[in-house]
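*Asks:* Below is entry-v6.txt; it holds compact mmCIF, C-alpha atoms.
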```txt
# COMPACT_ATOMS: atom_id res chain seq x y z
CA MET A 1 0.00 0.00 0.00
CA THR A 2 1.08 3.56 -0.65
CA THR A 3 1.82 5.43 2.54
CA LYS A 4 0.88 9.09 2.55
CA ALA A 5 3.04 11.56 4.48
CA SER A 6 1.83 15.05 5.34
CA PRO A 7 3.07 17.78 2.93
CA THR A 8 5.10 19.47 5.70
CA ALA A 9 6.80 16.22 6.64
CA GLY A 10 7.60 15.66 2.97
CA TRP A 11 9.27 19.04 2.53
CA LYS A 12 11.15 18.55 5.82
CA LYS A 13 12.47 15.26 4.40
CA ILE A 14 13.58 17.01 1.18
CA ALA A 15 15.23 19.84 3.18
CA ALA A 16 17.02 17.30 5.40
CA GLN A 17 18.22 15.38 2.34
CA ALA A 18 19.48 18.60 0.69
CA LEU A 19 21.22 19.73 3.88
CA PHE A 20 22.81 16.31 4.37
CA GLY A 21 24.01 16.29 0.74
CA ALA A 22 25.40 19.83 1.03
CA VAL A 23 27.27 19.07 4.27
CA VAL A 24 28.70 15.78 2.97
CA GLY A 25 29.58 17.45 -0.36
CA ALA A 26 31.31 20.44 1.21
CA ALA A 27 33.20 18.27 3.71
CA GLY A 28 34.21 15.84 0.98
CA MET A 29 35.44 18.58 -1.35
CA PHE A 30 37.39 20.26 1.46
CA ALA A 31 38.95 16.93 2.47
CA ALA A 32 39.78 16.03 -1.13
CA LEU A 33 41.47 19.37 -1.82
CA SER A 34 43.42 19.22 1.43
CA LEU A 35 44.55 15.64 0.99
CA LEU A 36 45.41 15.69 -2.70
CA GLU A 37 49.16 15.63 -3.06
CA GLY A 38 49.68 16.99 0.43
CA GLY A 39 47.51 20.07 0.04
CA ASP A 40 48.45 21.06 -3.50
CA GLY A 41 44.77 20.76 -4.39
CA ASN A 42 44.20 24.18 -2.85
CA ASP A 43 46.50 25.72 -5.50
CA TRP A 44 44.67 24.21 -8.46
CA PRO A 45 43.19 26.55 -11.08
CA GLY A 46 39.46 27.30 -10.67
CA SER A 47 38.45 25.34 -13.78
CA ILE A 48 39.94 22.15 -12.36
CA ILE A 49 38.34 22.65 -8.94
CA ILE A 50 34.99 23.08 -10.70
CA LEU A 51 35.52 19.78 -12.58
CA LEU A 52 36.42 18.10 -9.29
CA GLY A 53 33.22 19.51 -7.78
CA VAL A 54 31.06 18.27 -10.67
CA GLY A 55 32.67 14.83 -10.41
CA PHE A 56 32.10 14.86 -6.66
CA ILE A 57 28.39 15.64 -7.08
CA TYR A 58 27.98 12.70 -9.50
CA THR A 59 29.86 10.41 -7.09
CA LEU A 60 27.77 11.57 -4.15
CA MET A 61 24.52 11.08 -6.07
CA GLY A 62 25.64 7.63 -7.21
CA ALA A 63 26.56 6.71 -3.63
CA PHE A 64 23.22 7.94 -2.23
CA VAL A 65 21.20 6.09 -4.88
CA GLY A 66 23.38 2.99 -4.57
CA ILE A 67 23.16 2.80 -0.77
CA GLY A 68 19.42 3.53 -0.92
CA THR A 69 18.92 0.76 -3.48
CA LEU A 70 20.96 -1.76 -1.53
CA ALA A 71 19.12 -1.04 1.74
CA PRO A 72 15.65 0.23 0.75
CA ARG A 73 13.98 -0.23 4.13
CA LEU A 74 16.88 0.76 6.32
CA VAL A 75 17.99 3.96 4.54
CA GLY A 76 16.55 4.04 1.01
CA GLN A 77 13.11 5.37 1.86
CA ARG A 78 14.68 8.17 3.95
CA LEU A 79 17.44 8.99 1.48
CA LEU A 80 15.50 8.89 -1.79
CA ASN A 81 12.32 10.71 -2.81
CA VAL A 82 9.99 7.71 -2.92
CA ALA A 83 6.62 6.90 -1.40
CA ASP A 84 7.92 3.79 0.38
CA ALA A 85 10.62 1.12 0.32
CA GLU A 86 8.58 -1.04 -2.06
CA GLU A 87 8.96 1.58 -4.78
CA ILE A 88 12.74 1.23 -4.55
CA VAL A 89 12.43 -2.53 -4.90
CA GLU A 90 10.18 -2.08 -7.97
CA GLU A 91 12.70 0.30 -9.58
CA ARG A 92 15.82 -1.54 -8.37
CA SER A 93 17.24 -2.22 -11.85
CA HIS A 94 16.89 1.42 -12.98
CA LEU A 95 18.22 2.82 -9.71
CA GLY A 96 21.09 0.35 -9.77
CA GLY A 97 21.98 1.39 -13.33
CA SER A 98 21.83 5.08 -12.37
CA ALA A 99 24.01 4.49 -9.32
CA ILE A 100 26.67 2.60 -11.30
CA GLY A 101 26.59 5.23 -14.08
CA CYS A 102 26.88 8.18 -11.69
CA LEU A 103 29.62 6.56 -9.59
CA ALA A 104 31.68 5.65 -12.66
CA LEU A 105 31.24 9.08 -14.27
CA GLY A 106 32.00 10.89 -11.03
CA ALA A 107 35.14 8.85 -10.47
CA GLY A 108 36.25 9.41 -14.08
CA LEU A 109 35.73 13.18 -13.81
CA MET A 110 37.52 13.39 -10.46
CA LEU A 111 40.42 11.36 -11.82
CA LEU A 112 40.77 13.72 -14.78
CA ALA A 113 40.64 16.71 -12.41
CA TYR A 114 43.27 15.13 -10.15
CA ALA A 115 45.66 14.37 -13.03
CA THR A 116 45.21 17.79 -14.68
CA GLY A 117 45.40 19.64 -11.37
CA SER A 118 48.56 17.88 -10.26
CA GLU A 119 50.27 18.67 -13.55
CA ALA A 120 49.11 22.29 -13.36
CA VAL A 121 50.95 22.79 -10.05
CA GLY A 122 54.05 20.90 -11.20
CA THR A 123 53.48 17.64 -9.29
CA THR A 124 53.69 14.30 -11.10
CA PRO A 125 50.29 12.66 -10.77
CA ARG A 126 50.01 8.91 -10.08
CA VAL A 127 47.80 8.70 -13.18
CA SER A 128 48.81 10.72 -16.26
CA VAL A 129 46.35 13.14 -17.87
CA ALA A 130 46.28 10.96 -21.01
CA ALA A 131 45.48 7.83 -18.97
CA ALA A 132 42.76 9.71 -17.06
CA PHE A 133 41.27 10.87 -20.36
CA TRP A 134 41.14 7.33 -21.80
CA ILE A 135 39.62 6.03 -18.55
CA LEU A 136 36.93 8.74 -18.85
CA VAL A 137 36.29 7.69 -22.48
CA ALA A 138 35.89 4.06 -21.32
CA VAL A 139 33.51 5.19 -18.56
CA LEU A 140 31.49 7.18 -21.10
CA GLY A 141 31.23 4.02 -23.21
CA LEU A 142 29.99 2.08 -20.16
CA PHE A 143 27.53 4.90 -19.34
CA THR A 144 26.19 4.76 -22.90
CA LEU A 145 25.69 0.98 -22.71
CA VAL A 146 23.92 1.30 -19.34
CA SER A 147 21.74 4.10 -20.76
CA VAL A 148 20.72 2.01 -23.80
CA TRP A 149 19.86 -0.94 -21.53
CA MET A 150 17.85 1.34 -19.24
CA TRP A 151 16.07 3.01 -22.19
CA ARG A 152 14.82 -0.39 -23.41
CA ASP A 153 13.35 -1.05 -19.97
CA PHE A 154 11.88 2.43 -19.42
CA ASP A 155 8.16 3.13 -19.53
CA GLU A 156 6.77 6.12 -21.42
CA LEU A 157 7.24 8.70 -18.62
CA TRP A 158 10.92 7.83 -18.21
CA ARG A 159 11.51 7.90 -21.96
CA GLN A 160 9.82 11.30 -22.17
CA LEU A 161 11.91 12.51 -19.24
CA THR A 162 15.13 11.31 -20.89
CA LEU A 163 14.26 13.20 -24.09
CA GLU A 164 13.47 16.34 -22.08
CA VAL A 165 16.77 16.13 -20.17
CA THR A 166 18.62 15.82 -23.48
CA ALA A 167 16.74 18.77 -25.00
CA ILE A 168 17.22 21.03 -21.96
CA THR A 169 20.91 20.12 -21.66
CA GLY A 170 21.48 20.71 -25.38
CA ASN A 171 19.79 24.10 -25.29
CA LEU A 172 21.62 25.20 -22.14
CA MET A 173 24.90 24.01 -23.64
CA MET A 174 24.29 25.99 -26.84
CA PHE A 175 23.30 29.08 -24.87
CA VAL A 176 26.39 29.01 -22.65
CA ALA A 177 28.79 27.98 -25.44
CA VAL A 178 27.56 30.70 -27.83
CA LEU A 179 27.66 33.41 -25.16
CA TRP A 180 31.00 32.38 -23.68
CA GLY A 181 32.69 31.68 -27.01
CA GLY A 182 31.27 34.82 -28.60
CA ALA A 183 32.22 37.06 -25.68
CA ALA A 184 35.73 35.56 -25.58
CA THR A 185 36.15 36.13 -29.32
CA ALA A 186 35.16 39.76 -28.79
CA ASP A 187 37.80 39.93 -26.00
CA LEU A 188 35.13 40.73 -23.44
CA ILE A 189 35.99 37.79 -21.17
CA ALA A 190 38.58 35.01 -21.00
CA GLY A 191 37.91 32.01 -23.24
CA PRO A 192 37.14 28.60 -21.74
CA HIS A 193 39.90 26.27 -20.59
CA PRO A 194 39.53 22.94 -22.47
CA ILE A 195 38.53 21.29 -19.21
CA ASP A 196 35.68 23.81 -18.81
CA LEU A 197 33.97 22.07 -21.74
CA VAL A 198 33.98 18.78 -19.80
CA SER A 199 32.65 20.47 -16.64
CA LEU A 200 30.02 22.36 -18.64
CA SER A 201 28.72 19.25 -20.41
CA PHE A 202 28.33 17.20 -17.25
CA GLY A 203 27.27 20.14 -15.07
CA LEU A 204 24.57 21.21 -17.50
CA MET A 205 23.34 17.62 -17.86
CA LEU A 206 22.91 17.60 -14.10
CA LEU A 207 20.99 20.89 -14.27
CA GLY A 208 18.91 19.48 -17.14
CA CYS A 209 18.02 16.47 -14.98
CA PHE A 210 16.88 18.67 -12.10
CA VAL A 211 14.81 20.96 -14.35
CA ALA A 212 13.14 18.07 -16.22
CA THR A 213 12.31 16.08 -13.08
CA ALA A 214 11.03 19.20 -11.29
CA ARG A 215 8.74 20.00 -14.26
CA ARG A 216 7.24 16.52 -13.97
CA GLY A 217 6.64 16.97 -10.23
CA MET A 218 9.27 14.39 -9.31
CA MET A 219 11.17 16.72 -6.98
CA ALA A 220 8.08 17.29 -4.84
CA PRO A 221 7.99 15.23 -1.64
CA ARG A 222 6.24 11.87 -2.00
CA MET B 1 -4.92 17.88 -18.58
CA GLU B 2 -7.41 17.43 -15.78
CA ASN B 3 -8.14 13.80 -15.00
CA ARG B 4 -10.03 11.59 -12.58
CA VAL B 5 -7.53 8.75 -12.36
CA ARG B 6 -6.95 9.10 -8.61
CA GLU B 7 -10.70 9.15 -7.94
CA TYR B 8 -11.37 5.95 -9.92
CA ARG B 9 -8.24 4.23 -8.61
CA GLU B 10 -9.23 4.89 -5.01
CA ALA B 11 -12.79 3.79 -5.76
CA ALA B 12 -11.37 0.52 -7.06
CA GLY B 13 -9.35 0.18 -3.85
CA TRP B 14 -6.02 0.08 -5.64
CA SER B 15 -2.77 1.68 -4.58
CA GLN B 16 -0.68 3.57 -7.13
CA GLY B 17 1.62 0.55 -7.22
CA GLU B 18 -1.26 -1.81 -7.95
CA LEU B 19 -2.55 0.34 -10.82
CA ALA B 20 0.99 0.68 -12.18
CA ARG B 21 1.40 -3.10 -12.09
CA ARG B 22 -1.87 -3.66 -13.91
CA LEU B 23 -0.91 -1.16 -16.61
CA GLY B 24 2.72 -2.24 -16.90
CA VAL B 25 4.16 1.21 -16.07
CA SER B 26 6.13 2.65 -13.16
CA ARG B 27 4.54 4.05 -10.02
CA GLN B 28 6.06 7.43 -10.87
CA THR B 29 4.04 7.46 -14.08
CA ILE B 30 0.77 6.98 -12.19
CA ASN B 31 1.80 9.66 -9.67
CA ALA B 32 2.74 12.10 -12.44
CA VAL B 33 -0.58 11.53 -14.24
CA GLU B 34 -2.64 11.92 -11.06
CA THR B 35 -0.85 15.13 -10.07
CA ASP B 36 -1.37 16.50 -13.57
CA LYS B 37 2.36 16.64 -14.34
CA TYR B 38 2.22 14.23 -17.24
CA ASP B 39 -0.36 13.51 -19.93
CA PRO B 40 -0.21 9.83 -20.83
CA SER B 41 0.15 8.63 -24.40
CA LEU B 42 -3.04 7.69 -26.26
CA PRO B 43 -2.41 3.92 -25.85
CA LEU B 44 -1.92 4.31 -22.08
CA ALA B 45 -5.00 6.55 -21.76
CA LEU B 46 -7.04 3.94 -23.65
CA ARG B 47 -5.75 1.16 -21.38
CA MET B 48 -6.55 3.20 -18.26
CA ALA B 49 -10.08 3.86 -19.47
CA ARG B 50 -10.55 0.18 -20.33
CA LEU B 51 -9.33 -0.87 -16.89
CA PHE B 52 -11.94 1.35 -15.21
CA ALA B 53 -14.62 0.44 -17.80
CA LEU B 54 -14.91 4.08 -18.90
CA GLU B 55 -14.56 6.17 -22.04
CA VAL B 56 -11.30 8.14 -22.28
CA CYS B 57 -13.25 11.41 -22.15
CA GLU B 58 -14.76 10.38 -18.81
CA LEU B 59 -11.30 9.86 -17.34
CA PHE B 60 -9.47 12.77 -18.97
CA ILE B 61 -11.26 16.07 -19.13
CA ASP B 62 -10.37 18.52 -21.88
CA HIS B 63 -11.97 21.95 -21.54
CA TRP B 64 -11.18 22.87 -25.12
CA ASN B 65 -14.05 24.08 -27.28
CA PRO B 66 -13.92 24.30 -31.08
CA LYS B 67 -13.82 27.83 -32.49
CA GLU B 68 -16.99 29.04 -34.17
```
Can you dump the structure from the file as structure tokens?
*Replies:*
Amino acid sequence: MTTKASPTAGWKKIAAQALFGAVVGAAGMFAALSLLEGGDGNDWPGSIIILLGVGFIYTLMGAFVGIGTLAPRLVGQRLLNVADAEEIVEERSHLGGSAIGCLALGAGLMLLAYATGSEAVGTTPRVSVAAAFWILVAVLGLFTLVSVWMWRDFDELWRQLTLEVTAITGNLMMFVAVLWGGAATADLIAGPHPIDLVSLSFGLMLLGCFVATARRGMMAPR
Amino acid sequence: MENRVREYREAAGWSQGELARRLGVSRQTINAVETDKYDPSLPLALRMARLFALEVCELFIDHWNPKE
């Protein structure tokens, strides 16, 4: 049976989840920057820190969804925006695919940020930038395979949502790329660092996901 | 589009999960339809109406009127 929480309790749950995510995210980023190569992370250029942040958000989301999927009754129904634990069990394959995809992408992005950042401050990274790039390409391939498998299993709402995410992300990407590239060509602002394109693509996809799911009422407390 | 899915589902004594199972869709789809955040495809609307033994226009209410 579907359990019905009061609207206030629902929003409190969303606020608690957001606060928990923000605290864990901020603490994780601070720890990562402090620990990387003995504190060199703090000297990294802004573009690389942004990529690290984007990668961290994906990793965090993947971890939340993964833990919630593995333990639906214990933590899943508190951590994820679902009506009850049964819903997680029903959607286990999709949630599992999302968790694996987000974790792999997040790790790939963070690895690229680490390798690029270390080189930028003159430290030899344990993984070269080229190796990090090829790992990210492999992860993208895996993400594509997982997405195709999930698409085949999706019902019509999820397929519609996927198309909307793609459309929103594409439009946002064009908007930002045209403005930034155009303004840089006119010498109004600095042009993007190559790594900004990676951060932009994944960051805007994240934004596209939030906008599309919010439009379909899926961010509202259940 | 305004609809009466929740009303008929509750009258049938089904949870969102039960209706989703009968229609072969996710629970989120039923929730999105009931909260007016998603208009189902024509095949799904037809299946919903058939399940409740109704016409589609009894389940989904369109206030559109043809222009004179």
*Asks:* Of the candidates A:Ala177, A:Leu206, A:Val82, A:Ala31, which shows the shortest atom-to-atom distance to chain B, using all atoms listed in the file?
*Replies:* A:Val82
*Asks:* Please determine the contact residues of chain B with respect to chain A at a cut-off of 9 Å, counting only C-alpha atoms, and supply them as a list in words.
*Replies:*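 So the residues of chain B near chain A are Trp14, Ser15, Gln16, Gly17, Glu18, Gly24, Val25, Ser26, Arg27, Gln28, Thr29, Asn31, Ala32, Thr35, Asp36, Lys37, Tyr38, Pro40, Ser41 and Leu44 of chain B.
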*Asks:* Hey, can you check how far atom CA of Val146 of chain A sits from atom CA of Val65 of chain A?
*Replies:* 15.5 Å
*Asks:* Would you mind reading off the distance between atom CA of Leu95 of chain A and atom CA of Leu46 of chain B, one decimal, in Å?
*Replies:*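 Atom-to-atom, atom CA of Leu95 of chain A and atom CA of Leu46 of chain B are spaced 28.9 Å apart.
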*Asks:* Compile the contact shell of Val56 of chain B as a VMD selection string: residues with an atom at most 9 Å away, counting all atoms listed in the file, same-chain residues fewer than 5 positions apart removed.
*Replies:* chain B and resid 45 to 50 61
*Asks:* Starting from 5 Å padding per side, set up an axis-aligned box that covers all listed atoms of segment 43-49 of chain B and hand over centre and edge lengths in Å, one decimal, as lines of an AutoDock Vina configuration file.
*Replies:*
```
center_x = -6.0
center_y = 3.9
center_z = -22.1
size_x = 18.2
size_y = 15.4
size_z = 17.6
```
*Asks:* For a quick check of understanding, using only C-alpha atoms, which of B:Ala11, B:Leu51, B:Leu42, B:Val5 has the smallest distance to Leu23 of chain B?
*Replies:*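 So, comparing all the options, the nearest one is B:Leu51.
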*Asks:* Quick one: everything within 7 Å of segment 48-53 of chain A, counting all atoms listed in the file, minus sequence neighbours fewer than 4 positions away in the same chain. Send it as a PDB file with C-alpha atoms, in the frame of the given file.
*Replies:*
```
ATOM      1  CA  MET A  29      35.440  18.580  -1.350  1.00  0.00           C
ATOM      2  CA  TRP A  44      44.670  24.210  -8.460  1.00  0.00           C
ATOM      3  CA  ILE A  57      28.390  15.640  -7.080  1.00  0.00           C
ATOM      4  CA  LEU A 109      35.730  13.180 -13.810  1.00  0.00           C
ATOM      5  CA  MET A 110      37.520  13.390 -10.460  1.00  0.00           C
ATOM      6  CA  ALA A 113      40.640  16.710 -12.410  1.00  0.00           C
ATOM      7  CA  GLY A 117      45.400  19.640 -11.370  1.00  0.00           C
ATOM      8  CA  SER A 199      32.650  20.470 -16.640  1.00  0.00           C
TER       9      SER A 199
END
```
*Asks:* Identify which of the residues A:Leu60, A:Leu19, A:Ile168, A:Ala130 lies closest to Leu112 of chain A, counting all atoms listed in the file when measuring atom-to-atom distances.
*Replies:*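 Using all atoms listed in the file, the shortest distance to Leu112 of chain A belongs to A:Ala130.
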*Asks:* Just give me the gap between atom CA of Asn81 of chain A and atom CA of Phe64 of chain A in Å, one decimal is fine.
*Replies:*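 Those two atoms sit 11.3 Å apart.
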*Asks:* Give the answer as one residue: which of B:Glu34, B:Leu54, B:Pro66, B:Leu19 has the shortest atom-to-atom distance to Arg6 of chain B, using all atoms listed in the file?
*Replies:*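 Among B:Glu34, B:Leu54, B:Pro66, B:Leu19, it is B:Glu34 that comes nearest to Arg6 of chain B.
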